[in-house]
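**Q** TSV, C-alpha atoms and all ligand atoms, file entry_16.tsv:
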chain	number	residue	atom	x	y	z
V	1	MET	CA	-68.30	81.52	5.78
V	2	VAL	CA	-67.25	79.95	9.01
V	3	ARG	CA	-69.77	78.82	11.58
V	4	ILE	CA	-68.50	79.14	15.11
V	5	PRO	CA	-70.33	77.20	17.80
V	6	HIS	CA	-70.38	79.49	20.80
V	7	ASP	CA	-68.66	77.05	23.10
V	8	GLU	CA	-65.60	76.41	20.98
V	9	PRO	CA	-62.59	78.61	20.35
V	10	THR	CA	-62.43	80.26	16.96
V	11	PRO	CA	-60.76	77.86	14.56
V	12	SER	CA	-57.58	78.99	12.92
V	13	GLY	CA	-58.35	80.95	9.78
V	14	ALA	CA	-61.86	81.79	10.94
V	15	THR	CA	-62.01	84.73	8.60
V	16	ALA	CA	-60.83	85.13	5.10
V	17	THR	CA	-59.95	88.76	5.64
V	18	GLY	CA	-57.20	90.57	7.45
V	19	ASP	CA	-57.67	93.84	9.27
V	20	ALA	CA	-56.29	97.11	8.03
V	21	ASN	CA	-53.19	96.44	10.11
V	22	GLY	CA	-52.32	93.59	7.85
V	23	SER	CA	-52.87	91.13	10.65
V	24	ASP	CA	-55.52	88.51	10.99
V	25	LEU	CA	-58.86	89.67	12.21
V	26	VAL	CA	-58.90	87.37	15.19
V	27	SER	CA	-55.22	87.37	16.03
V	28	ALA	CA	-55.68	89.19	19.30
V	29	GLY	CA	-58.08	86.54	20.44
V	30	VAL	CA	-57.92	82.81	20.28
V	31	GLN	CA	-55.80	82.47	17.17
V	32	PRO	CA	-52.89	80.18	17.96
V	33	GLU	CA	-49.55	81.63	16.98
V	34	ASP	CA	-47.03	79.60	15.05
V	35	GLY	CA	-45.86	76.60	16.95
V	36	GLU	CA	-47.68	77.27	20.16
V	37	PRO	CA	-50.77	75.65	21.54
V	38	SER	CA	-53.97	77.59	21.24
V	39	VAL	CA	-54.58	79.73	24.30
V	40	ALA	CA	-58.03	81.24	24.49
V	41	LEU	CA	-57.36	84.86	25.38
V	42	ARG	CA	-60.52	86.32	23.95
V	43	PRO	CA	-63.19	86.86	26.61
V	44	ARG	CA	-66.16	84.56	26.04
V	45	ARG	CA	-68.77	86.24	28.23
V	46	PHE	CA	-69.70	89.74	29.34
V	47	ASP	CA	-68.34	89.02	32.82
V	48	GLU	CA	-64.84	88.44	31.42
V	49	TYR	CA	-64.89	91.52	29.21
V	50	ILE	CA	-62.77	94.46	30.36
V	51	GLY	CA	-63.65	98.02	29.25
V	52	GLN	CA	-66.45	99.54	27.10
V	53	THR	CA	-68.52	99.37	30.29
V	54	GLN	CA	-71.43	101.53	29.19
V	55	LEU	CA	-71.72	99.65	25.92
V	56	VAL	CA	-71.50	96.26	27.62
V	57	ASP	CA	-74.18	97.29	30.16
V	58	LYS	CA	-76.52	98.23	27.32
V	59	LEU	CA	-75.82	95.02	25.40
V	60	ARG	CA	-76.60	92.94	28.49
V	61	ILE	CA	-80.03	94.58	28.65
V	62	TYR	CA	-80.72	94.09	24.93
V	63	VAL	CA	-79.77	90.40	25.26
V	64	ASP	CA	-82.00	89.91	28.32
V	65	ALA	CA	-84.90	91.69	26.61
V	66	ALA	CA	-84.60	89.61	23.43
V	67	GLN	CA	-84.44	86.42	25.48
V	68	GLN	CA	-87.51	87.41	27.51
V	69	ARG	CA	-89.43	88.06	24.28
V	70	GLY	CA	-88.18	84.83	22.76
V	71	ASP	CA	-87.18	86.80	19.67
V	72	ALA	CA	-83.92	87.47	17.85
V	73	LEU	CA	-81.81	90.40	19.02
V	74	ASP	CA	-82.23	93.50	16.84
V	75	HIS	CA	-79.58	93.99	14.16
V	76	VAL	CA	-76.39	95.51	15.59
V	77	LEU	CA	-73.78	97.75	13.97
V	78	PHE	CA	-70.39	98.18	15.68
V	79	HIS	CA	-68.08	100.86	14.41
V	80	GLY	CA	-64.62	102.00	15.44
V	81	PRO	CA	-60.92	101.54	14.68
V	82	PRO	CA	-59.58	98.00	14.22
V	83	GLY	CA	-58.72	95.91	17.27
V	84	LEU	CA	-61.19	97.43	19.74
V	85	GLY	CA	-63.37	94.33	20.15
V	86	LYS	CA	-66.06	94.31	17.46
V	87	THR	CA	-65.57	90.62	16.66
V	88	THR	CA	-65.14	89.72	20.32
V	89	LEU	CA	-68.42	91.38	21.22
V	90	ALA	CA	-70.20	89.54	18.40
V	91	GLN	CA	-68.87	86.26	19.80
V	92	ILE	CA	-69.95	87.21	23.30
V	93	LEU	CA	-73.44	88.14	22.06
V	94	ALA	CA	-73.78	84.70	20.47
V	95	THR	CA	-72.59	82.96	23.64
V	96	GLU	CA	-74.88	84.97	25.89
V	97	LEU	CA	-77.85	84.41	23.56
V	98	ASP	CA	-76.95	80.71	23.30
V	99	VAL	CA	-77.03	80.78	19.49
V	100	GLN	CA	-74.53	80.05	16.73
V	101	LEU	CA	-72.22	82.72	15.32
V	102	HIS	CA	-71.59	82.71	11.57
V	103	VAL	CA	-68.61	84.84	10.52
V	104	THR	CA	-68.00	86.38	7.12
V	105	SER	CA	-66.94	89.70	5.62
V	106	GLY	CA	-68.23	92.21	3.07
V	107	PRO	CA	-65.67	91.40	0.34
V	108	ALA	CA	-66.24	87.63	0.77
V	109	ILE	CA	-69.93	87.96	-0.16
V	110	GLU	CA	-69.23	88.44	-3.84
V	111	HIS	CA	-72.76	88.04	-5.15
V	112	LYS	CA	-76.38	87.47	-4.11
V	113	GLY	CA	-76.03	83.69	-4.27
V	114	VAL	CA	-73.33	83.71	-1.58
V	115	LEU	CA	-75.52	85.85	0.64
V	116	ALA	CA	-78.52	83.59	0.03
V	117	ALA	CA	-76.49	80.50	0.95
V	118	GLN	CA	-75.40	82.14	4.17
V	119	LEU	CA	-78.82	83.39	5.14
V	120	THR	CA	-80.57	80.11	4.41
V	121	GLY	CA	-77.97	78.32	6.55
V	122	LEU	CA	-78.92	80.30	9.65
V	123	GLY	CA	-80.80	78.68	12.51
V	124	LYS	CA	-83.45	80.44	14.58
V	125	GLY	CA	-81.96	83.39	16.45
V	126	ASP	CA	-78.43	82.89	15.02
V	127	LEU	CA	-75.98	85.74	14.58
V	128	LEU	CA	-74.49	86.55	11.20
V	129	PHE	CA	-71.36	88.66	11.66
V	130	ILE	CA	-70.30	90.62	8.58
V	131	ASP	CA	-66.95	92.31	9.07
V	132	GLU	CA	-66.06	95.27	6.82
V	133	ILE	CA	-69.72	95.52	5.96
V	134	HIS	CA	-69.06	98.75	4.06
V	135	ARG	CA	-67.32	96.64	1.41
V	136	LEU	CA	-70.43	94.64	0.42
V	137	PRO	CA	-71.12	94.85	-3.32
V	138	ALA	CA	-74.10	97.16	-4.01
V	139	THR	CA	-76.36	94.39	-5.38
V	140	VAL	CA	-75.70	92.21	-2.35
V	141	GLU	CA	-76.42	95.12	-0.05
V	142	GLU	CA	-79.82	95.63	-1.68
V	143	SER	CA	-80.74	91.97	-1.12
V	144	LEU	CA	-79.82	92.37	2.49
V	145	TYR	CA	-82.49	95.02	3.03
V	146	SER	CA	-85.46	92.62	2.73
V	147	ALA	CA	-83.59	90.01	4.75
V	148	MET	CA	-83.05	92.48	7.57
V	149	GLU	CA	-86.51	94.01	7.47
V	150	ASP	CA	-88.87	91.24	6.44
V	151	ARG	CA	-86.73	88.12	7.00
V	152	ARG	CA	-87.10	87.35	3.31
V	153	ILE	CA	-84.71	86.87	0.44
V	154	ASP	CA	-85.79	87.04	-3.20
V	155	LEU	CA	-83.82	84.95	-5.65
V	156	PRO	CA	-84.08	84.67	-9.42
V	157	VAL	CA	-84.82	81.12	-10.59
V	158	GLY	CA	-84.88	79.73	-14.12
V	159	ASP	CA	-83.85	81.76	-17.15
V	160	GLY	CA	-85.15	83.07	-20.43
V	161	SER	CA	-88.93	83.26	-20.64
V	162	ARG	CA	-89.30	81.10	-17.53
V	163	ALA	CA	-87.23	83.40	-15.32
V	164	ARG	CA	-89.02	84.44	-12.17
V	165	THR	CA	-88.29	85.39	-8.59
V	166	MET	CA	-88.80	83.10	-5.63
V	167	SER	CA	-89.04	84.38	-2.07
V	168	PHE	CA	-87.47	82.43	0.76
V	169	GLN	CA	-88.62	83.04	4.31
V	170	LEU	CA	-85.78	83.22	6.84
V	171	PRO	CA	-85.81	82.45	10.54
V	172	GLY	CA	-85.46	85.36	12.96
V	173	PHE	CA	-81.76	86.19	12.98
V	174	THR	CA	-79.45	89.01	14.01
V	175	LEU	CA	-77.09	90.69	11.62
V	176	VAL	CA	-74.04	92.08	13.39
V	177	GLY	CA	-72.19	94.43	11.07
V	178	ALA	CA	-68.73	95.86	11.75
V	179	THR	CA	-67.07	98.79	10.07
V	180	THR	CA	-64.22	101.12	10.83
V	181	ARG	CA	-66.34	104.18	10.06
V	182	THR	CA	-70.14	104.53	9.79
V	183	ALA	CA	-69.64	107.24	7.18
V	184	LEU	CA	-68.53	104.48	4.80
V	185	LEU	CA	-72.00	102.91	4.94
V	186	THR	CA	-74.89	103.91	2.72
V	187	ALA	CA	-77.76	105.56	4.60
V	188	PRO	CA	-80.31	102.80	3.71
V	189	LEU	CA	-78.06	100.12	5.20
V	190	ARG	CA	-77.16	102.15	8.28
V	191	ASP	CA	-80.85	102.89	8.95
V	192	ARG	CA	-81.70	99.18	9.07
V	193	PHE	CA	-79.57	98.63	12.16
V	194	HIS	CA	-81.53	99.40	15.30
V	195	ILE	CA	-78.56	99.13	17.62
V	196	VAL	CA	-75.63	101.30	16.45
V	197	GLU	CA	-72.67	101.50	18.79
V	198	ALA	CA	-69.22	103.06	18.59
V	199	LEU	CA	-66.27	101.35	20.22
V	200	ALA	CA	-63.97	103.81	21.96
V	201	PHE	CA	-60.26	103.57	22.73
V	202	TYR	CA	-59.58	101.85	26.06
V	203	THR	CA	-58.09	103.62	29.08
V	204	ASP	CA	-54.59	102.79	30.32
V	205	ALA	CA	-56.09	101.13	33.40
V	206	GLU	CA	-58.40	98.93	31.30
V	207	LEU	CA	-55.53	97.94	29.03
V	208	SER	CA	-53.30	97.14	31.97
V	209	ASN	CA	-56.04	94.79	33.23
V	210	ILE	CA	-56.27	93.21	29.78
V	211	VAL	CA	-52.47	92.74	29.75
V	212	ALA	CA	-52.51	91.20	33.24
V	213	ARG	CA	-55.33	88.84	32.26
V	214	ALA	CA	-53.62	87.81	29.00
V	215	ALA	CA	-50.24	87.34	30.70
V	216	SER	CA	-51.77	85.14	33.34
V	217	LEU	CA	-53.52	83.02	30.69
V	218	LEU	CA	-50.19	82.78	28.84
V	219	GLY	CA	-48.48	81.69	32.05
V	220	VAL	CA	-46.20	84.69	32.57
V	221	LYS	CA	-46.10	86.84	35.72
V	222	THR	CA	-46.57	90.60	35.61
V	223	THR	CA	-46.16	93.29	38.21
V	224	ALA	CA	-48.79	96.03	38.38
V	225	GLU	CA	-46.24	98.52	36.99
V	226	GLY	CA	-45.20	96.19	34.19
V	227	ALA	CA	-48.80	95.59	33.08
V	228	LEU	CA	-49.48	99.32	33.22
V	229	GLU	CA	-46.41	100.10	31.11
V	230	VAL	CA	-47.51	97.65	28.39
V	231	GLY	CA	-51.14	98.86	28.62
V	232	ARG	CA	-50.12	102.51	28.45
V	233	ARG	CA	-48.14	101.90	25.26
V	234	SER	CA	-50.79	99.85	23.42
V	235	ARG	CA	-52.43	102.69	21.44
V	236	GLY	CA	-55.69	102.32	23.38
V	237	THR	CA	-56.24	98.98	21.61
V	238	PRO	CA	-56.65	95.52	23.20
V	239	ARG	CA	-55.45	93.70	20.08
V	240	ILE	CA	-52.16	95.56	20.31
V	241	ALA	CA	-51.93	95.01	24.08
V	242	ILE	CA	-52.31	91.26	23.55
V	243	ARG	CA	-49.83	91.19	20.69
V	244	LEU	CA	-47.22	93.08	22.73
V	245	THR	CA	-47.84	90.83	25.73
V	246	ARG	CA	-47.22	87.76	23.59
V	247	ARG	CA	-43.97	89.17	22.22
V	248	ILE	CA	-42.69	90.33	25.61
V	249	ARG	CA	-43.55	86.91	26.96
V	250	ASP	CA	-41.08	85.49	24.40
V	251	PHE	CA	-38.32	87.83	25.56
V	252	VAL	CA	-39.06	87.03	29.20
V	253	GLN	CA	-39.02	83.29	28.55
V	254	VAL	CA	-35.82	83.23	26.49
V	255	GLY	CA	-34.02	85.77	28.68
V	256	GLY	CA	-34.90	83.88	31.87
V	257	TYR	CA	-36.66	86.84	33.52
V	258	SER	CA	-39.08	86.12	36.34
V	259	SER	CA	-41.84	88.53	35.34
V	260	ILE	CA	-42.87	91.47	33.18
V	261	ASP	CA	-41.99	94.35	35.46
V	262	ALA	CA	-41.72	98.00	34.44
V	263	SER	CA	-38.07	97.82	33.36
V	264	VAL	CA	-38.52	94.56	31.41
V	265	ALA	CA	-41.59	96.09	29.71
V	266	ASP	CA	-39.73	99.29	28.89
V	267	GLU	CA	-36.70	97.50	27.47
V	268	PHE	CA	-38.66	95.11	25.26
V	269	LEU	CA	-41.25	97.63	24.11
V	270	GLY	CA	-38.29	99.73	22.93
V	271	ARG	CA	-36.89	96.73	21.05
V	272	LEU	CA	-40.32	96.18	19.48
V	273	GLY	CA	-40.23	99.76	18.14
V	274	VAL	CA	-42.95	101.05	20.46
V	275	ASP	CA	-42.04	104.45	21.87
V	276	ARG	CA	-42.98	105.86	25.27
V	277	HIS	CA	-46.28	107.25	23.95
V	278	GLY	CA	-47.11	103.93	22.32
V	279	LEU	CA	-46.48	105.19	18.81
V	280	ASP	CA	-45.21	102.57	16.40
V	281	GLY	CA	-42.88	103.02	13.44
V	282	MET	CA	-45.65	103.92	11.01
V	283	ASP	CA	-47.19	106.50	13.37
V	284	ARG	CA	-43.81	108.21	13.66
V	285	ARG	CA	-43.16	108.04	9.93
V	286	LEU	CA	-46.53	109.69	9.32
V	287	LEU	CA	-45.77	112.54	11.71
V	288	GLU	CA	-42.22	112.92	10.39
V	289	ALA	CA	-43.45	113.07	6.79
V	290	ILE	CA	-45.82	115.92	7.64
V	291	ALA	CA	-43.07	117.70	9.62
V	292	THR	CA	-40.30	117.40	7.08
V	293	LEU	CA	-41.85	116.91	3.64
V	294	PHE	CA	-44.87	119.14	4.11
V	295	ASP	CA	-43.54	121.72	6.55
V	296	GLY	CA	-45.91	120.66	9.32
V	297	GLY	CA	-48.98	120.68	7.03
V	298	PRO	CA	-51.69	121.14	6.06
V	299	VAL	CA	-51.36	118.27	3.61
V	300	GLY	CA	-54.09	116.31	1.83
V	301	ILE	CA	-54.49	112.66	2.80
V	302	ASP	CA	-53.79	111.41	-0.74
V	303	ALA	CA	-50.48	113.28	-0.97
V	304	LEU	CA	-49.53	111.99	2.45
V	305	ALA	CA	-50.45	108.39	1.58
V	306	ALA	CA	-48.44	108.62	-1.67
V	307	SER	CA	-45.37	109.95	0.12
V	308	LEU	CA	-45.52	107.13	2.68
V	309	GLY	CA	-46.38	104.43	0.16
V	310	GLU	CA	-49.29	103.33	2.37
V	311	PRO	CA	-52.92	102.89	1.35
V	312	ARG	CA	-55.02	105.89	2.31
V	313	ASP	CA	-57.50	103.62	4.14
V	314	THR	CA	-54.79	102.28	6.44
V	315	LEU	CA	-53.78	105.79	7.42
V	316	GLU	CA	-57.38	106.85	7.97
V	317	ASP	CA	-58.59	103.73	9.79
V	318	VAL	CA	-55.55	102.56	11.73
V	319	HIS	CA	-53.16	105.44	12.37
V	320	GLU	CA	-55.08	108.70	12.35
V	321	PRO	CA	-57.77	107.96	14.96
V	322	PHE	CA	-55.17	107.37	17.68
V	323	LEU	CA	-52.93	110.28	16.65
V	324	LEU	CA	-55.96	112.59	16.61
V	325	GLN	CA	-57.20	111.34	19.97
V	326	ARG	CA	-53.79	111.82	21.60
V	327	GLY	CA	-53.34	115.32	20.22
V	328	PHE	CA	-50.49	114.61	17.78
V	329	LEU	CA	-52.48	115.38	14.66
V	330	ILE	CA	-55.15	117.84	13.55
V	331	ARG	CA	-57.57	117.26	10.69
V	332	SER	CA	-58.50	120.61	9.18
V	333	PRO	CA	-60.57	121.36	6.07
V	334	ARG	CA	-57.27	122.14	4.28
V	335	GLY	CA	-55.61	118.87	5.29
V	336	ARG	CA	-53.63	117.19	8.07
V	337	MET	CA	-51.32	119.17	10.36
V	338	ILE	CA	-49.07	118.06	13.19
V	339	THR	CA	-49.38	119.68	16.60
V	340	GLU	CA	-46.76	121.26	18.83
V	341	ARG	CA	-46.96	118.11	20.95
V	342	ALA	CA	-46.01	115.98	17.93
V	343	ARG	CA	-43.08	118.29	17.13
V	344	ARG	CA	-41.80	118.05	20.70
V	345	HIS	CA	-42.16	114.28	20.63
V	346	LEU	CA	-40.28	113.96	17.34
V	347	ASP	CA	-37.52	116.28	18.65
V	348	GLU	CA	-37.20	114.33	21.90
V	349	SER	CA	-37.02	111.00	20.13
V	350	GLY	CA	-34.46	112.49	17.75
V	351	ALA	CA	-36.59	111.68	14.75
V	352	SER	CA	-36.54	114.92	12.82
V	401	LIG	N1	-58.79	90.48	25.33
V	401	LIG	C1	-58.97	91.27	24.28
V	401	LIG	N2	-59.87	92.21	24.55
V	401	LIG	C2	-60.28	92.00	25.81
V	401	LIG	C3	-61.21	92.66	26.67
V	401	LIG	N3	-61.88	93.73	26.27
V	401	LIG	N4	-61.36	92.17	27.90
V	401	LIG	C4	-60.66	91.10	28.31
V	401	LIG	N5	-59.77	90.46	27.56
V	401	LIG	C5	-59.57	90.92	26.31
Turn the structure described in the file into structure tokens.
Ligand code: ADE
**A**
Amino acid sequence: MVRIPHDEPTPSGATATGDANGSDLVSAGVQPEDGEPSVALRPRRFDEYIGQTQLVDKLRIYVDAAQQRGDALDHVLFHGPPGLGKTTLAQILATELDVQLHVTSGPAIEHKGVLAAQLTGLGKGDLLFIDEIHRLPATVEESLYSAMEDRRIDLPVGDGSRARTMSFQLPGFTLVGATTRTALLTAPLRDRFHIVEALAFYTDAELSNIVARAASLLGVKTTAEGALEVGRRSRGTPRIAIRLTRRIRDFVQVGGYSSIDASVADEFLGRLGVDRHGLDGMDRRLLEAIATLFDGGPVGIDALAASLGEPRDTLEDVHEPFLLQRGFLIRSPRGRMITERARRHLDESGAS
């Protein structure tokens, strides 16, 4: 587990896990890229956060209320596709509450002892962020129930005839869980979170503001049209917007361009394999596979995953939500189908 004081940038390698995109969990934020100085792009406070306005307004109130009561914030569950800001919001909550953030992930908590060590290391009011909380082992999950409800953890001590259970009292703390889909959680765990919030895809305007902010922090100029073009083609996802901004910044720097304007953005997004709807190579391969190998669908997700050589989870968590939201894909009880819009797009881009 990594403890992150709220006033310091996330250290490199803050999490042991990668997201379903195969990239580091915090790469869209403060993670320094190879050979470049760390630039803190991740917003630290609610005031710097762009988008998710209704959610942020509610969180501000919950933070104020907890502070007025002098108690820990209720346990929070964030769910939604990768890259939409679950970790960032956890960091902001810790900063706003003026407490420490402790970061770990479901698969990293291999057994009860690891959980106990983490819980007993928490200070009063601290936040424990568990990413991919749906991947907690079942026995660990059960121990979490009493910790969440009664601030207590029971641990076996001694062995043989002297084996018994000792209870440890915990300080008031907040568990912040993150998952790509709430359906992956067991009902008893889900029910123990009193704040359950979905993160939605960002609008083009919000993403263009995120691009402009990131570009300015990275020291590269953007025009309004350039930022909008990058934002529009970022799959509704800040992490992707930031990643694209970083890469276009490289092209701009090496090519001697003065700013990211619309034509610079268009040229380099094309070279990065991002098409005019923001679909990446894998999105297009998924649609093409349904169009050509499965006659447009319906096709079951396992057959589709096998034909693409991609894990089913990656398709379900990373690619499908955006393709569904943008009307390229339909999920029917008989399987996945592509839409007329997807066919037109594939024809226009000469893909099938
Ligand atoms: N960087 C990544 N996500 C962001 C957001 N929601 N607001 C501002 N900057 C960001």
**Q** Mind giving me the straight-line distance from atom CA of Glu141 of chain V to atom CA of Glu110 of chain V in Å, one decimal?
**A**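 Interatomic distance here is 10.5 Å.
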**Q** Taking all atoms listed in the file into account, which residues are within 8 Å of ligand LIG 401 (chain V), as a PDB file with C-alpha atoms, keeping the file's coordinate frame?
**A**
ATOM      1  CA  ALA V  28     -55.680  89.190  19.300  1.00  0.00           C
ATOM      2  CA  GLY V  29     -58.080  86.540  20.440  1.00  0.00           C
ATOM      3  CA  LEU V  41     -57.360  84.860  25.380  1.00  0.00           C
ATOM      4  CA  ARG V  42     -60.520  86.320  23.950  1.00  0.00           C
ATOM      5  CA  PRO V  43     -63.190  86.860  26.610  1.00  0.00           C
ATOM      6  CA  GLU V  48     -64.840  88.440  31.420  1.00  0.00           C
ATOM      7  CA  TYR V  49     -64.890  91.520  29.210  1.00  0.00           C
ATOM      8  CA  ILE V  50     -62.770  94.460  30.360  1.00  0.00           C
ATOM      9  CA  GLY V  51     -63.650  98.020  29.250  1.00  0.00           C
ATOM     10  CA  GLN V  52     -66.450  99.540  27.100  1.00  0.00           C
ATOM     11  CA  LEU V  84     -61.190  97.430  19.740  1.00  0.00           C
ATOM     12  CA  GLY V  85     -63.370  94.330  20.150  1.00  0.00           C
ATOM     13  CA  THR V  88     -65.140  89.720  20.320  1.00  0.00           C
ATOM     14  CA  ASN V 209     -56.040  94.790  33.230  1.00  0.00           C
ATOM     15  CA  ILE V 210     -56.270  93.210  29.780  1.00  0.00           C
ATOM     16  CA  VAL V 211     -52.470  92.740  29.750  1.00  0.00           C
ATOM     17  CA  ARG V 213     -55.330  88.840  32.260  1.00  0.00           C
ATOM     18  CA  ALA V 214     -53.620  87.810  29.000  1.00  0.00           C
ATOM     19  CA  PRO V 238     -56.650  95.520  23.200  1.00  0.00           C
ATOM     20  CA  ARG V 239     -55.450  93.700  20.080  1.00  0.00           C
ATOM     21  CA  ALA V 241     -51.930  95.010  24.080  1.00  0.00           C
ATOM     22  CA  ILE V 242     -52.310  91.260  23.550  1.00  0.00           C
TER      23      ILE V 242
END
**Q** Smallest atom-to-atom distance to Leu128 of chain V: which of V:Leu77, V:Pro82, V:Ser161, V:Glu142, using all atoms listed in the file?
**A** V:Leu77
**Q** Between V:Thr87, V:Gln100, V:Thr222, V:Ser259, which is the closest to Ala178 of chain V once you count all atoms listed in the file?
**A** V:Thr87
**Q** When you draw a straight line from atom CA of Ala147 of chain V to atom CA of Leu59 of chain V, how long is it in Å?
**A**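 Calculated distance between atom CA of Ala147 of chain V and atom CA of Leu59 of chain V is 22.6 Å.
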**Q** Do you know which residues are at most 8 Å from segment 316-327 of chain V counting only C-alpha atoms, after dropping those on the same chain fewer than 5 positions away, and could you put them as an MDAnalysis selection string?
**A** chainID V and resid 20:21 81:82 180:181 235:236 282:283 339 341:342
**Q** Limited to C-alpha atoms, could you put the picked residues into a file as a tab-separated table (two decimals), keeping the file's coordinate frame?
**A**
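The file below, result21.tsv, is the result:
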chain	number	residue	atom	x	y	z
V	20	ALA	CA	-56.29	97.11	8.03
V	21	ASN	CA	-53.19	96.44	10.11
V	81	PRO	CA	-60.92	101.54	14.68
V	82	PRO	CA	-59.58	98.00	14.22
V	180	THR	CA	-64.22	101.12	10.83
V	181	ARG	CA	-66.34	104.18	10.06
V	235	ARG	CA	-52.43	102.69	21.44
V	236	GLY	CA	-55.69	102.32	23.38
V	282	MET	CA	-45.65	103.92	11.01
V	283	ASP	CA	-47.19	106.50	13.37
V	339	THR	CA	-49.38	119.68	16.60
V	341	ARG	CA	-46.96	118.11	20.95
V	342	ALA	CA	-46.01	115.98	17.93
**Q** Which of these, V:Val252, V:Val76, V:Leu293, V:Ala138, has the shortest distance to His194 of chain V once you count only C-alpha atoms?
**A**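 Of V:Val252, V:Val76, V:Leu293, V:Ala138, the one nearest His194 of chain V, counting only C-alpha atoms, is V:Val76.
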**Q** Between V:Ala306, V:Val299, V:Met148, V:Leu55, which residue has the minimum interatomic distance to Asp191 of chain V, considering all atoms listed in the file?
**A**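 So, comparing all the options, the nearest one is V:Met148.
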**Q** Fewer than 4 positions away in the same chain doesn't count, so skip those; otherwise give me all residues within 12 Å of Leu189 of chain V, counting only C-alpha atoms, as number ranges by chain.
**A** V: 75-77, 133-136, 138, 140-149, 175, 177, 182-185, 193-194, 196
**Q** Just to be explicit: take each residue in the selection above, keep C-alpha atoms, and write the result as an mmCIF file, in the frame of the given file.
**A**
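part36.cif written:
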data_model
loop_
_atom_site.group_PDB
_atom_site.id
_atom_site.type_symbol
_atom_site.label_atom_id
_atom_site.label_comp_id
_atom_site.auth_asym_id
_atom_site.auth_seq_id
_atom_site.Cartn_x
_atom_site.Cartn_y
_atom_site.Cartn_z
ATOM 1 C CA HIS V 75 -79.580 93.990 14.160
ATOM 2 C CA VAL V 76 -76.390 95.510 15.590
ATOM 3 C CA LEU V 77 -73.780 97.750 13.970
ATOM 4 C CA ILE V 133 -69.720 95.520 5.960
ATOM 5 C CA HIS V 134 -69.060 98.750 4.060
ATOM 6 C CA ARG V 135 -67.320 96.640 1.410
ATOM 7 C CA LEU V 136 -70.430 94.640 0.420
ATOM 8 C CA ALA V 138 -74.100 97.160 -4.010
ATOM 9 C CA VAL V 140 -75.700 92.210 -2.350
ATOM 10 C CA GLU V 141 -76.420 95.120 -0.050
ATOM 11 C CA GLU V 142 -79.820 95.630 -1.680
ATOM 12 C CA SER V 143 -80.740 91.970 -1.120
ATOM 13 C CA LEU V 144 -79.820 92.370 2.490
ATOM 14 C CA TYR V 145 -82.490 95.020 3.030
ATOM 15 C CA SER V 146 -85.460 92.620 2.730
ATOM 16 C CA ALA V 147 -83.590 90.010 4.750
ATOM 17 C CA MET V 148 -83.050 92.480 7.570
ATOM 18 C CA GLU V 149 -86.510 94.010 7.470
ATOM 19 C CA LEU V 175 -77.090 90.690 11.620
ATOM 20 C CA GLY V 177 -72.190 94.430 11.070
ATOM 21 C CA THR V 182 -70.140 104.530 9.790
ATOM 22 C CA ALA V 183 -69.640 107.240 7.180
ATOM 23 C CA LEU V 184 -68.530 104.480 4.800
ATOM 24 C CA LEU V 185 -72.000 102.910 4.940
ATOM 25 C CA PHE V 193 -79.570 98.630 12.160
ATOM 26 C CA HIS V 194 -81.530 99.400 15.300
ATOM 27 C CA VAL V 196 -75.630 101.300 16.450
#
**Q** Could you check how far atom CA of Ser216 of chain V sits from atom CA of Arg44 of chain V, in Å to one decimal?
**A** 16.1 Å
**Q** Env of Asp280 of chain V: 10 Å cut, atoms = only C-alpha atoms, seq-sep filter 6 positions within chain, self excluded. Answer as a short mmCIF file (atom, residue, chain, number, x, y, z; two decimals) with C-alpha atoms, in the frame of the given file.
**A**
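Result file around_1.cif:
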data_model
loop_
_atom_site.label_atom_id
_atom_site.label_comp_id
_atom_site.auth_asym_id
_atom_site.auth_seq_id
_atom_site.Cartn_x
_atom_site.Cartn_y
_atom_site.Cartn_z
CA ARG V 233 -48.14 101.90 25.26
CA SER V 234 -50.79 99.85 23.42
CA ARG V 235 -52.43 102.69 21.44
CA LEU V 269 -41.25 97.63 24.11
CA GLY V 270 -38.29 99.73 22.93
CA LEU V 272 -40.32 96.18 19.48
CA GLY V 273 -40.23 99.76 18.14
CA VAL V 274 -42.95 101.05 20.46
CA HIS V 319 -53.16 105.44 12.37
#
**Q** What lies within 12 Å of Glu348 of chain V using all atoms listed in the file, ignoring chain neighbours under 4 positions off, as a ChimeraX atom specification?
**A** /V:275-277,341-344,352
**Q** Counting all atoms listed in the file, figure out which residue out of V:Gly297, V:Leu155, V:Leu286, V:Arg162 gets nearest to Glu310 of chain V.
**A**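 Under the stated criterion, the closest residue is V:Leu286.
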**Q** Which one is closest to Ala116 of chain V: V:Ser258, V:Gln169, V:Gln67, V:Gln91? Count all atoms listed in the file.
**A** V:Gln169
**Q** Let me have the centre and edge lengths in Å, one decimal, of the box along x, y and z around every listed atom of segment 88-98 of chain V with 8 Å of margin on each side, as AutoDock Vina command-line options.
**A**
--center_x -71.5 --center_y 86.0 --center_z 22.1 --size_x 28.7 --size_y 26.7 --size_z 23.5
**Q** Could you list, as an NGL selection string, every residue within 7 Å of segment 227-229 of chain V, counting only C-alpha atoms and ignoring same-chain residues fewer than 5 positions away?
**A** :V and (204-205 or 208 or 211-212 or 222 or 262 or 265)
